[in-house]
>>> print(open('protein.cif').read())   # mmCIF, C-alpha atoms
data_model
loop_
_atom_site.label_atom_id
_atom_site.label_comp_id
_atom_site.auth_asym_id
_atom_site.auth_seq_id
_atom_site.Cartn_x
_atom_site.Cartn_y
_atom_site.Cartn_z
CA MET U 7 21.14 -18.93 -13.66
CA ALA U 8 22.12 -15.28 -13.96
CA PRO U 9 23.79 -13.85 -10.85
CA VAL U 10 20.95 -12.80 -8.54
CA HIS U 11 21.97 -9.47 -7.06
CA ASN U 12 18.90 -9.11 -4.86
CA ALA U 13 19.41 -10.82 -1.50
CA ILE U 14 15.69 -11.55 -0.96
CA ALA U 15 15.43 -13.37 -4.29
CA ALA U 16 18.70 -15.22 -3.66
CA ALA U 17 17.36 -16.54 -0.33
CA CYS U 18 14.10 -17.89 -1.80
CA HIS U 19 13.27 -21.59 -1.78
CA SER U 20 12.02 -21.72 -5.34
CA LEU U 21 10.91 -24.87 -7.12
CA GLY U 22 13.87 -24.43 -9.46
CA VAL U 23 15.17 -22.59 -12.48
CA ILE U 24 14.00 -23.11 -16.06
CA THR U 25 16.26 -22.03 -18.92
CA PRO U 26 13.96 -22.54 -21.90
CA SER U 27 14.61 -22.24 -25.59
CA LYS U 28 12.15 -20.09 -27.54
CA ALA U 29 10.01 -23.11 -28.39
CA GLU U 30 10.07 -24.37 -24.82
CA LEU U 31 9.07 -20.96 -23.45
CA GLU U 32 6.05 -20.92 -25.76
CA THR U 33 4.99 -24.36 -24.47
CA LEU U 34 5.61 -23.37 -20.87
CA LEU U 35 3.35 -20.33 -21.01
CA ALA U 36 0.60 -22.35 -22.71
CA GLN U 37 0.46 -24.77 -19.75
CA PRO U 38 -1.58 -23.36 -16.84
CA ASP U 39 -0.90 -26.24 -14.42
CA GLN U 40 2.34 -25.02 -12.75
CA PRO U 41 2.33 -22.70 -9.71
CA SER U 42 1.69 -19.21 -10.99
CA PRO U 43 2.81 -16.62 -11.57
CA LEU U 44 6.09 -17.62 -13.14
CA ARG U 45 9.01 -15.45 -12.08
CA PHE U 46 11.46 -14.14 -14.68
CA CYS U 47 15.14 -13.35 -14.23
CA SER U 48 17.35 -11.38 -16.59
CA GLY U 49 19.40 -8.93 -14.54
CA GLY U 50 18.49 -10.44 -11.16
CA THR U 51 18.13 -7.09 -9.39
CA THR U 52 14.53 -7.31 -8.11
CA SER U 53 13.15 -9.14 -5.08
CA ARG U 54 10.56 -10.93 -7.24
CA CYS U 55 12.84 -12.59 -9.78
CA ALA U 56 12.41 -15.63 -7.52
CA GLU U 57 9.72 -16.71 -5.05
CA ASP U 58 9.21 -19.56 -2.59
CA GLN U 59 7.54 -22.58 -4.26
CA HIS U 60 7.47 -20.98 -7.70
CA TRP U 61 9.53 -21.53 -10.84
CA THR U 62 11.99 -18.93 -12.08
CA VAL U 63 12.39 -18.61 -15.85
CA ASP U 64 15.99 -17.61 -16.52
CA LEU U 65 16.43 -15.72 -19.79
CA SER U 66 20.11 -14.97 -19.30
CA LEU U 67 21.43 -18.04 -21.16
CA GLY U 68 19.19 -18.57 -24.20
CA HIS U 69 18.41 -14.96 -25.07
CA ARG U 70 21.78 -13.20 -25.30
CA SER U 71 21.97 -12.12 -28.93
CA ILE U 72 22.89 -8.59 -30.00
CA ARG U 73 22.97 -7.40 -33.60
CA LEU U 74 23.39 -3.95 -35.13
CA ASN U 75 22.01 -3.09 -38.54
CA ALA U 76 24.34 -1.98 -41.33
CA ASN U 77 24.43 1.73 -40.46
CA ARG U 78 24.28 1.13 -36.68
CA SER U 79 21.04 3.09 -36.36
CA ARG U 80 19.23 0.15 -34.74
CA VAL U 81 20.18 -2.73 -32.51
CA LYS U 82 18.29 -5.96 -31.81
CA VAL U 83 19.02 -7.36 -28.35
CA GLY U 84 17.95 -10.48 -26.52
CA ALA U 85 16.15 -10.18 -23.19
CA GLY U 86 18.92 -12.09 -21.43
CA LEU U 87 21.43 -9.25 -21.69
CA THR U 88 21.93 -6.64 -18.99
CA MET U 89 21.93 -2.96 -19.82
CA GLY U 90 25.66 -2.81 -19.04
CA GLU U 91 26.41 -5.62 -21.49
CA ILE U 92 24.39 -3.91 -24.21
CA GLN U 93 26.08 -0.54 -23.64
CA ALA U 94 29.56 -2.06 -23.67
CA GLU U 95 28.96 -3.73 -27.02
CA LEU U 96 27.36 -0.64 -28.53
CA ALA U 97 30.23 1.55 -27.32
CA ASN U 98 32.60 -0.62 -29.35
CA ASN U 99 30.56 0.50 -32.36
CA ASP U 100 30.40 4.19 -31.36
CA CYS U 101 26.71 4.20 -30.48
CA MET U 102 24.45 3.81 -27.44
CA ILE U 103 20.89 3.61 -26.12
CA PRO U 104 19.54 5.59 -23.15
CA THR U 105 19.95 3.44 -20.05
CA GLY U 106 20.01 4.11 -16.32
CA LEU U 107 22.42 4.68 -13.48
CA SER U 108 23.37 1.01 -13.18
CA GLY U 109 24.37 -1.56 -15.78
CA LEU U 110 22.95 -4.48 -13.75
CA PRO U 111 19.23 -4.41 -14.73
CA GLY U 112 18.00 -6.59 -17.53
CA ALA U 113 14.94 -6.44 -19.79
CA GLY U 114 12.73 -5.24 -16.94
CA PHE U 115 14.43 -1.86 -17.23
CA LEU U 116 13.06 -1.48 -20.76
CA LEU U 117 9.58 -2.82 -20.02
CA SER U 118 9.02 -0.55 -17.01
CA GLY U 119 9.86 2.66 -18.91
CA GLY U 120 13.62 3.04 -18.71
CA MET U 121 14.81 6.22 -16.96
CA GLY U 122 18.35 7.51 -16.86
CA PRO U 123 20.59 10.57 -16.66
CA LEU U 124 19.99 11.37 -20.35
CA SER U 125 16.20 11.06 -20.24
CA ARG U 126 15.84 14.84 -20.25
CA SER U 127 17.37 15.08 -23.72
CA LEU U 128 16.71 11.61 -25.20
CA GLY U 129 13.47 10.54 -23.55
CA LEU U 130 12.72 7.18 -21.93
CA ALA U 131 14.11 3.87 -23.14
CA ILE U 132 10.61 2.82 -24.27
CA ASP U 133 10.59 5.81 -26.64
CA HIS U 134 13.45 4.16 -28.56
CA ILE U 135 11.89 0.70 -28.95
CA HIS U 136 11.12 -0.02 -32.61
CA SER U 137 9.93 -3.62 -32.38
CA MET U 138 9.49 -6.51 -29.92
CA GLU U 139 9.14 -10.27 -30.15
CA GLY U 140 7.90 -12.62 -27.48
CA ILE U 141 5.04 -14.68 -26.14
CA TRP U 142 1.85 -13.45 -24.51
CA GLY U 143 0.88 -15.04 -21.22
CA ASN U 144 -1.61 -17.26 -23.07
CA GLY U 145 1.21 -18.90 -25.03
CA THR U 146 0.63 -17.04 -28.31
CA ARG U 147 3.74 -15.77 -30.06
CA PHE U 148 3.88 -12.16 -31.27
CA SER U 149 6.13 -9.93 -33.36
CA LEU U 150 5.15 -6.26 -33.19
CA GLU U 151 6.51 -3.07 -34.72
CA LYS U 152 5.98 0.45 -33.46
CA PRO U 153 2.74 1.76 -35.01
CA LYS U 154 3.01 4.78 -37.26
CA GLY U 155 1.47 8.01 -36.06
CA GLN U 156 0.06 8.84 -32.64
CA LEU U 157 -1.45 6.11 -30.48
CA HIS U 158 -4.66 6.68 -28.55
CA PHE U 159 -5.61 5.21 -25.21
CA GLY U 160 -8.13 2.41 -25.78
CA ASP U 161 -7.05 1.81 -29.41
CA HIS U 162 -7.72 -1.93 -29.63
CA ASP U 163 -5.76 -2.33 -32.87
CA HIS U 164 -2.53 -1.46 -31.07
CA ALA U 165 -3.46 -2.31 -27.48
CA GLY U 166 -0.76 -4.98 -27.18
CA TRP U 167 2.03 -2.61 -28.18
CA TRP U 168 0.64 0.12 -25.95
CA GLY U 169 0.48 -2.21 -22.95
CA LEU U 170 3.96 -3.67 -23.41
CA LEU U 171 5.48 -0.19 -23.05
CA GLY U 172 5.29 0.28 -19.30
CA ALA U 173 3.27 -2.80 -18.28
CA GLY U 174 4.87 -5.56 -20.31
CA LEU U 175 5.87 -7.75 -17.36
CA PHE U 176 2.15 -8.32 -16.61
CA LEU U 177 1.27 -9.32 -20.18
CA ALA U 178 4.11 -11.17 -21.91
CA ALA U 179 7.53 -12.73 -21.87
CA VAL U 180 9.42 -10.43 -24.26
CA GLU U 181 12.36 -12.28 -25.80
CA SER U 182 13.94 -9.55 -27.91
CA PHE U 183 13.83 -5.80 -28.52
CA GLU U 184 14.88 -3.69 -31.48
CA LEU U 185 15.85 -0.17 -30.43
CA ASP U 186 16.90 2.97 -32.24
CA THR U 187 20.45 3.89 -31.27
CA THR U 188 22.08 7.29 -30.99
CA PRO U 189 25.73 8.12 -31.69
CA LEU U 190 27.95 7.85 -28.63
CA LEU U 191 27.51 11.06 -26.62
CA PRO U 192 30.42 12.43 -24.55
CA LEU U 193 29.51 13.24 -20.96
CA ILE U 194 30.85 15.20 -18.01
CA VAL U 195 30.00 13.80 -14.59
CA GLN U 196 30.43 15.81 -11.40
CA GLN U 197 30.01 14.12 -8.01
CA GLY U 198 30.20 15.30 -4.43
CA CYS U 199 28.43 15.50 -1.07
CA LEU U 200 26.29 18.37 0.22
CA ASN U 201 24.50 19.34 3.39
CA SER U 202 20.70 19.20 3.32
CA ALA U 203 20.23 22.96 2.82
CA ASP U 204 22.52 22.98 -0.23
CA LEU U 205 20.78 19.89 -1.58
CA ALA U 206 17.44 21.72 -1.42
CA GLN U 207 18.93 24.68 -3.27
CA LEU U 208 20.42 22.45 -5.93
CA ILE U 209 17.10 20.64 -6.47
CA GLN U 210 15.37 23.97 -7.02
CA ALA U 211 18.12 25.10 -9.39
CA ALA U 212 17.84 21.83 -11.33
CA GLU U 213 14.23 22.56 -12.19
CA CYS U 214 15.57 25.24 -14.57
CA PHE U 215 18.38 23.14 -16.06
CA PRO U 216 18.89 22.90 -19.82
CA GLU U 217 17.86 19.50 -21.14
CA GLY U 218 21.45 18.35 -21.53
CA LEU U 219 22.03 18.46 -17.76
CA SER U 220 20.45 16.31 -15.04
CA LEU U 221 20.64 15.90 -11.27
CA GLN U 222 20.74 12.61 -9.38
CA TRP U 223 21.07 12.43 -5.59
CA CYS U 224 21.34 9.69 -2.97
CA TRP U 225 20.82 10.15 0.77
CA GLY U 226 22.39 7.55 3.03
CA SER U 227 24.93 8.37 5.73
CA LYS U 228 25.82 11.33 3.48
CA ARG U 229 24.00 13.23 0.74
CA GLU U 230 25.65 12.47 -2.60
CA VAL U 231 24.85 14.36 -5.78
CA MET U 232 25.71 13.35 -9.33
CA LEU U 233 25.38 15.93 -12.11
CA VAL U 234 25.53 14.55 -15.66
CA ALA U 235 26.03 16.97 -18.57
CA ARG U 236 26.25 16.30 -22.27
CA ALA U 237 29.67 17.56 -23.37
CA ASP U 238 28.28 18.27 -26.86
CA ASP U 239 25.92 20.86 -25.34
CA PRO U 240 27.85 24.07 -24.47
CA GLU U 241 25.01 25.49 -22.36
CA SER U 242 24.87 22.37 -20.20
CA GLU U 243 28.65 22.23 -19.82
CA GLN U 244 28.84 25.89 -18.79
CA ARG U 245 26.01 25.47 -16.32
CA LEU U 246 27.76 22.46 -14.77
CA GLU U 247 30.97 24.45 -14.32
CA GLN U 248 29.04 27.23 -12.56
CA LEU U 249 27.23 24.77 -10.29
CA SER U 250 30.48 23.06 -9.35
CA HIS U 251 31.83 26.44 -8.28
CA ASP U 252 28.65 27.61 -6.51
CA PHE U 253 28.20 24.42 -4.50
CA LYS U 254 31.93 23.79 -4.01
CA LEU U 255 31.84 20.28 -5.41
CA PRO U 256 35.29 18.60 -5.44
CA THR U 257 37.09 18.99 -8.77
CA GLY U 258 38.71 15.58 -8.27
CA LEU U 259 35.33 13.94 -8.80
CA CYS U 260 34.70 15.51 -12.19
CA THR U 261 34.99 12.87 -14.92
CA ARG U 262 34.83 13.11 -18.70
CA LEU U 263 33.37 10.03 -20.35
CA SER U 264 32.94 8.89 -23.94
CA GLY U 265 29.41 7.63 -23.19
CA LEU U 266 26.98 6.12 -20.68
CA HIS U 267 28.92 2.86 -20.60
CA GLY U 268 31.57 4.56 -18.45
CA LEU U 269 29.19 6.04 -15.88
CA PRO U 270 30.74 5.85 -12.36
CA ALA U 271 29.01 4.06 -9.51
CA PHE U 272 26.09 6.03 -8.11
CA GLY U 273 25.51 6.05 -4.35
CA ALA U 274 28.98 4.91 -3.31
CA LEU U 275 29.76 8.28 -1.71
CA ALA U 276 26.46 8.34 0.17
CA MET U 277 26.60 4.91 1.77
CA ALA U 278 28.97 3.91 4.58
CA PRO U 279 31.03 0.76 3.87
CA TRP U 280 29.14 -2.45 4.62
CA GLN U 281 31.03 -5.48 5.90
CA GLY U 282 28.29 -8.01 6.67
CA ALA U 283 26.06 -10.19 4.52
CA PRO U 284 24.01 -8.28 1.95
CA PRO U 285 20.89 -6.90 3.63
CA HIS U 286 17.41 -7.65 2.39
CA GLN U 287 15.84 -4.68 0.63
CA GLU U 288 12.55 -3.54 -0.85
CA VAL U 289 12.32 -0.47 -3.09
CA VAL U 290 9.43 1.81 -4.07
CA GLY U 291 9.87 4.46 -6.77
CA VAL U 292 7.52 7.44 -6.97
CA LEU U 293 7.00 10.16 -9.58
CA GLY U 294 5.91 13.76 -9.43
CA PRO U 295 6.18 17.27 -10.90
CA ARG U 296 8.52 20.07 -9.87
CA TRP U 297 8.71 20.73 -6.13
CA GLY U 298 9.34 24.48 -6.47
CA ASP U 299 8.85 26.41 -3.23
CA ALA U 300 7.97 23.20 -1.34
CA THR U 301 11.50 21.82 -1.78
CA THR U 302 12.95 23.12 1.49
CA ALA U 303 10.07 21.68 3.53
CA VAL U 304 10.31 18.33 1.72
CA ILE U 305 14.05 18.05 2.37
CA GLN U 306 13.57 19.01 6.03
CA ALA U 307 10.93 16.29 6.46
CA LEU U 308 13.20 13.76 4.75
CA ARG U 309 16.04 14.82 7.02
CA GLU U 310 13.92 14.01 10.07
CA ALA U 311 12.96 10.63 8.60
CA MET U 312 16.58 9.80 7.79
CA ALA U 313 17.54 10.58 11.39
CA CYS U 314 15.41 7.65 12.57
CA ARG U 315 16.01 5.12 9.80
CA PRO U 316 16.03 1.63 11.32
CA HIS U 317 18.99 0.23 9.32
CA PRO U 318 22.16 1.85 7.90
CA ARG U 319 21.26 0.77 4.35
CA CYS U 320 17.85 2.45 4.39
CA ALA U 321 18.16 5.27 1.87
CA ILE U 322 16.34 7.81 -0.29
CA ALA U 323 17.52 8.69 -3.79
CA SER U 324 16.17 10.54 -6.80
CA GLN U 325 16.75 11.17 -10.48
CA GLN U 326 15.51 13.95 -12.72
CA LEU U 327 13.16 13.67 -15.68
CA GLY U 328 11.37 16.39 -17.63
CA GLY U 329 12.44 17.71 -21.02
CA ALA U 330 12.08 15.13 -23.79
CA VAL U 331 10.12 12.75 -21.54
CA ALA U 332 7.21 15.20 -21.54
CA ARG U 333 7.21 15.63 -25.33
CA GLU U 334 5.64 12.21 -25.87
CA THR U 335 1.93 12.17 -25.05
CA GLN U 336 0.48 10.21 -22.17
CA GLN U 337 -1.56 8.21 -24.68
CA GLN U 338 1.51 6.65 -26.33
CA SER U 339 2.10 3.94 -23.74
CA ALA U 340 1.04 2.47 -20.40
CA PHE U 341 3.62 4.78 -18.80
CA ILE U 342 1.37 7.74 -17.95
CA HIS U 343 3.65 10.01 -15.90
CA ARG U 344 5.07 12.03 -18.78
CA GLN U 345 4.93 15.31 -16.85
CA ALA U 346 7.05 14.04 -13.97
CA GLU U 347 10.19 16.01 -13.08
CA TRP U 348 11.40 13.83 -10.21
CA LYS U 349 11.60 10.11 -9.59
CA PRO U 350 12.58 9.53 -5.95
CA TRP U 351 12.95 5.96 -4.75
CA ILE U 352 12.91 4.70 -1.17
CA THR U 353 14.98 1.71 -0.07
CA ALA U 354 13.99 -0.20 3.06
CA ALA U 355 16.73 -2.50 4.39
CA TRP U 356 17.06 -5.06 7.19
CA SER U 357 19.31 -7.95 8.12
CA ALA U 358 18.37 -11.39 6.76
CA GLY U 359 16.20 -13.27 9.25
CA ASP U 360 15.39 -10.18 11.32
CA HIS U 361 11.58 -10.22 11.18
CA GLN U 362 11.18 -7.27 13.55
CA GLY U 363 13.77 -5.33 11.56
CA ARG U 364 11.81 -6.07 8.38
CA GLU U 365 8.60 -4.68 9.87
CA GLN U 366 10.42 -1.57 11.11
CA ALA U 367 12.10 -1.00 7.73
CA LEU U 368 8.85 -1.37 5.77
CA ALA U 369 7.07 0.96 8.21
CA TRP U 370 9.85 3.49 7.69
CA LEU U 371 9.47 3.16 3.92
CA GLU U 372 5.76 3.92 4.24
CA GLN U 373 6.58 6.92 6.45
CA VAL U 374 8.88 8.37 3.79
CA TRP U 375 6.36 7.51 1.08
CA GLY U 376 3.79 9.53 3.04
CA ILE U 377 6.15 12.54 3.09
CA LEU U 378 6.64 12.35 -0.67
CA GLN U 379 3.05 11.46 -1.62
CA PRO U 380 1.69 15.03 -1.89
CA HIS U 381 4.57 15.96 -4.21
CA CYS U 382 5.08 12.63 -6.02
CA PRO U 383 1.67 10.92 -6.30
CA GLY U 384 2.72 8.61 -9.14
CA VAL U 385 4.53 5.28 -8.92
CA HIS U 386 7.24 3.83 -11.14
CA LEU U 387 6.88 0.04 -11.20
CA ALA U 388 10.53 -0.86 -11.64
CA GLN U 389 10.05 -3.31 -8.75
CA LEU U 390 7.07 -5.63 -8.19
CA HIS U 391 5.34 -5.65 -4.80
CA ASP U 392 2.70 -8.35 -5.26
CA HIS U 393 3.80 -9.93 -1.96
CA LEU U 394 3.32 -6.74 0.07
CA PRO U 395 0.15 -5.04 1.38
CA TRP U 396 0.56 -2.02 -0.87
CA HIS U 397 0.65 -3.85 -4.22
CA GLN U 398 -2.75 -2.43 -5.17
CA ARG U 399 -1.60 1.06 -4.21
CA THR U 400 1.43 0.79 -6.47
CA LEU U 401 -0.69 -0.41 -9.40
CA GLU U 402 -3.10 2.50 -9.02
CA GLY U 403 -0.19 4.94 -8.68
CA ALA U 404 1.54 3.53 -11.77
CA PHE U 405 -1.38 3.25 -14.20
CA GLY U 406 -4.12 5.53 -12.82
CA HIS U 407 -7.27 5.70 -14.94
CA GLN U 408 -5.76 3.26 -17.46
CA LEU U 409 -5.72 0.37 -14.96
CA PRO U 410 -9.21 -0.99 -15.83
CA PHE U 411 -8.30 -1.12 -19.53
CA LEU U 412 -5.01 -2.87 -18.69
CA ARG U 413 -6.89 -5.46 -16.63
CA LYS U 414 -9.19 -6.23 -19.56
CA LEU U 415 -6.12 -6.54 -21.78
CA LYS U 416 -4.50 -8.91 -19.32
CA GLN U 417 -7.62 -11.07 -19.17
CA GLN U 418 -7.35 -11.42 -22.94
CA LEU U 419 -3.61 -12.00 -23.15
CA ASP U 420 -2.92 -13.84 -19.88
CA PRO U 421 -6.22 -15.37 -18.74
CA SER U 422 -4.58 -18.08 -16.60
CA GLY U 423 -2.41 -15.66 -14.66
CA GLN U 424 0.92 -17.11 -15.78
CA LEU U 425 2.48 -13.67 -15.23
CA PRO U 426 2.23 -11.29 -12.24
CA GLY U 427 -1.28 -10.08 -11.46
CA LEU U 428 -2.86 -6.70 -12.02
#
>>> encode(input="protein.cif", output="structure tokens")
Amino acid sequence: MAPVHNAIAAACHSLGVITPSKAELETLLAQPDQPSPLRFCSGGTTSRCAEDQHWTVDLSLGHRSIRLNANRSRVKVGAGLTMGEIQAELANNDCMIPTGLSGLPGAGFLLSGGMGPLSRSLGLAIDHIHSMEGIWGNGTRFSLEKPKGQLHFGDHDHAGWWGLLGAGLFLAAVESFELDTTPLLPLIVQQGCLNSADLAQLIQAAECFPEGLSLQWCWGSKREVMLVARADDPESEQRLEQLSHDFKLPTGLCTRLSGLHGLPAFGALAMAPWQGAPPHQEVVGVLGPRWGDATTAVIQALREAMACRPHPRCAIASQQLGGAVARETQQQSAFIHRQAEWKPWITAAWSAGDHQGREQALAWLEQVWGILQPHCPGVHLAQLHDHLPWHQRTLEGAFGHQLPFLRKLKQQLDPSGQLPGL
């Protein structure tokens, strides 16, 4: 099985791991008699890639192909590859796809939307998907290409494609993706730590950034910021130089990269070294528009929450969207939060076996969620929470008014509930 990076999933007492061929996966999904839902593992970063008394379907062995077309404008990748593996291979061919801050996630990154430091200029990962192959939850095989023209919410002719982009993990086991590539883009990355007042100022400044520049921040024992600028965009590079001077970010942590494959670790400056066993963690990501004049009050409230976090690995982080993300219409996919500027995520952490610590950490997560809710009412379902009391809340926050249509689609494509429930 693929290395499971999530400590909760690694500690599960699952029924076992299945590493099916394509034909075997089709048969497996057509049989409704095993404990459902099946759990899927590609990158192994989520808490629900394994579950007690359930089977885990491991795609990391039988679905590892990667093939570029003749002019390197498209790449077809198997769902068993991590984003880091894909980027490394593409970099050898002087091209890339827009991925996130970590190379560890697998196919779930693509199916949940796919946000990263270049989203402002390149859009989401789902905007680059040209075709997909896989098996619906009812065991029926599909091969779909991106429809021509604009999609419309409720368009039954293309409902499957629409649903896969943002809600695919509820509908199908996707085995391969074909994505449009972009030439390798040189980047400049500036990192450093700020006090909370400067962080608030930088967030407000970021809301006027050119599209070639983005802000990421992580708040643990310190407040780390990561600014990523496209080096082929003079305006973004000049703005980064000015910001580095204005906020006195250390010049020693300014790195020039040939592409996303070389992105440095995010969050390492914010988190104090950890010597013990990996803590258990749950993560909720939220989405919302610009914070504007509310930024200072939001950061002050987060500062108070961070002062009483129940575990040293509890953290709050955020990445910036906007720009090209908003140029695709909300109707194009099941990802509806096209107008979002910020995607904060909240990490609750506790020591394995500490039941009281778990309750305290999850209560803290909900406290922080409550602080962010007025400013970030949407949810990004990069992590499943179907074992937690707020699963329904996350579904409603992720899909909004489209949720009833998605549920009808799921009843058609996964009537036995082989995949996670909506």
>>> resolve_selection(input="protein.cif", expression="the PyMOL selection byres ((chain U and resi 374-378) around 8)", output="VMD selection string")
chain U and resid 304 307 to 308 311 352 370 to 373 379 to 383
>>> write_last_selection(input="protein.cif", atoms="C-alpha atoms", output="compact mmCIF listing (two decimals), in the frame of the given file")
# COMPACT_ATOMS: atom_id res chain seq x y z
CA VAL U 304 10.31 18.33 1.72
CA ALA U 307 10.93 16.29 6.46
CA LEU U 308 13.20 13.76 4.75
CA ALA U 311 12.96 10.63 8.60
CA ILE U 352 12.91 4.70 -1.17
CA TRP U 370 9.85 3.49 7.69
CA LEU U 371 9.47 3.16 3.92
CA GLU U 372 5.76 3.92 4.24
CA GLN U 373 6.58 6.92 6.45
CA GLN U 379 3.05 11.46 -1.62
CA PRO U 380 1.69 15.03 -1.89
CA HIS U 381 4.57 15.96 -4.21
CA CYS U 382 5.08 12.63 -6.02
CA PRO U 383 1.67 10.92 -6.30
>>> residues_around(input="protein.cif", residues="Leu390 of chain U", least_positions_apart="4", cutoff="9 Å", atoms="all atoms listed in the file", output="list in words")
Thr52, Ser53, Arg54, Val289, Val290, His397, Thr400 and Pro426 of chain U
>>> resolve_selection(input="protein.cif", expression="the PyMOL selection byres ((chain U and resi 200-204) around 8)", output="list of chain:residue names")
U:Gly198, U:Cys199, U:Leu205, U:Ala206, U:Gln207, U:Leu208, U:Lys228, U:Arg229, U:Glu230, U:Val231, U:Phe253, U:Thr302, U:Ile305, U:Gln306, U:Arg309
>>> write_last_selection(input="protein.cif", atoms="C-alpha atoms", output="PDB file, in the coordinates of the input")
ATOM      1  CA  GLY U 198      30.200  15.300  -4.430  1.00  0.00           C
ATOM      2  CA  CYS U 199      28.430  15.500  -1.070  1.00  0.00           C
ATOM      3  CA  LEU U 205      20.780  19.890  -1.580  1.00  0.00           C
ATOM      4  CA  ALA U 206      17.440  21.720  -1.420  1.00  0.00           C
ATOM      5  CA  GLN U 207      18.930  24.680  -3.270  1.00  0.00           C
ATOM      6  CA  LEU U 208      20.420  22.450  -5.930  1.00  0.00           C
ATOM      7  CA  LYS U 228      25.820  11.330   3.480  1.00  0.00           C
ATOM      8  CA  ARG U 229      24.000  13.230   0.740  1.00  0.00           C
ATOM      9  CA  GLU U 230      25.650  12.470  -2.600  1.00  0.00           C
ATOM     10  CA  VAL U 231      24.850  14.360  -5.780  1.00  0.00           C
ATOM     11  CA  PHE U 253      28.200  24.420  -4.500  1.00  0.00           C
ATOM     12  CA  THR U 302      12.950  23.120   1.490  1.00  0.00           C
ATOM     13  CA  ILE U 305      14.050  18.050   2.370  1.00  0.00           C
ATOM     14  CA  GLN U 306      13.570  19.010   6.030  1.00  0.00           C
ATOM     15  CA  ARG U 309      16.040  14.820   7.020  1.00  0.00           C
TER      16      ARG U 309
END
>>> atom_distance(input="protein.cif", atom1="atom CA of Ser220 of chain U", atom2="atom CA of Cys260 of chain U")
14.6 Å
>>> resolve_selection(input="protein.cif", expression="the PyMOL selection byres ((chain U and resi 75) around 12)", output="MDAnalysis selection string")
chainID U and resid 72:74 76:83 96 99 101 184:187
>>> axis_aligned_box(input="protein.cif", around="segment 407-426 of chain U", padding_each_side="3 Å", output="lines of an AutoDock Vina configuration file")
center_x = -3.4
center_y = -6.2
center_z = -17.7
size_x = 17.7
size_y = 29.8
size_z = 16.9
>>> residues_near_point(input="protein.cif", point="(-6.0, -14.1, -16.9)", cutoff="12 Å", atoms="all atoms listed in the file", output="list in words")
Leu35, Pro38, Ser42, Pro43, Trp142, Gly143, Asn144, Gly145, Phe176, Leu177, Ala178, Leu412, Arg413, Lys414, Leu415, Lys416, Gln417, Gln418, Leu419, Asp420, Pro421, Ser422, Gly423, Gln424, Leu425, Pro426, Gly427 and Leu428 of chain U
>>> closest_residue(input="protein.cif", among="U:Val234, U:Leu193, U:Leu266, U:Ala354", to="Gly291 of chain U", atoms="all atoms listed in the file")
U:Ala354
>>> residues_near_point(input="protein.cif", point="(7.5, -21.6, -28.7)", cutoff="12 Å", atoms="all atoms listed in the file", output="list in words")
Pro26, Ser27, Lys28, Ala29, Glu30, Leu31, Glu32, Thr33, Leu34, Leu35, Ala36, Gln37, Glu139, Gly140, Ile141, Trp142, Gly143, Asn144, Gly145, Thr146, Arg147, Phe148, Ala179 and Glu181 of chain U
>>> closest_residue(input="protein.cif", among="U:Thr257, U:Ser264, U:Ser339, U:Gln345", to="Leu293 of chain U", atoms="all atoms listed in the file")
U:Gln345
>>> closest_residue(input="protein.cif", among="U:Ile194, U:Ile209, U:Ala323, U:Leu171", to="Leu269 of chain U", atoms="only C-alpha atoms")
U:Ile194
>>> atom_distance(input="protein.cif", atom1="atom CA of Pro192 of chain U", atom2="atom CA of Ala235 of chain U")
8.7 Å
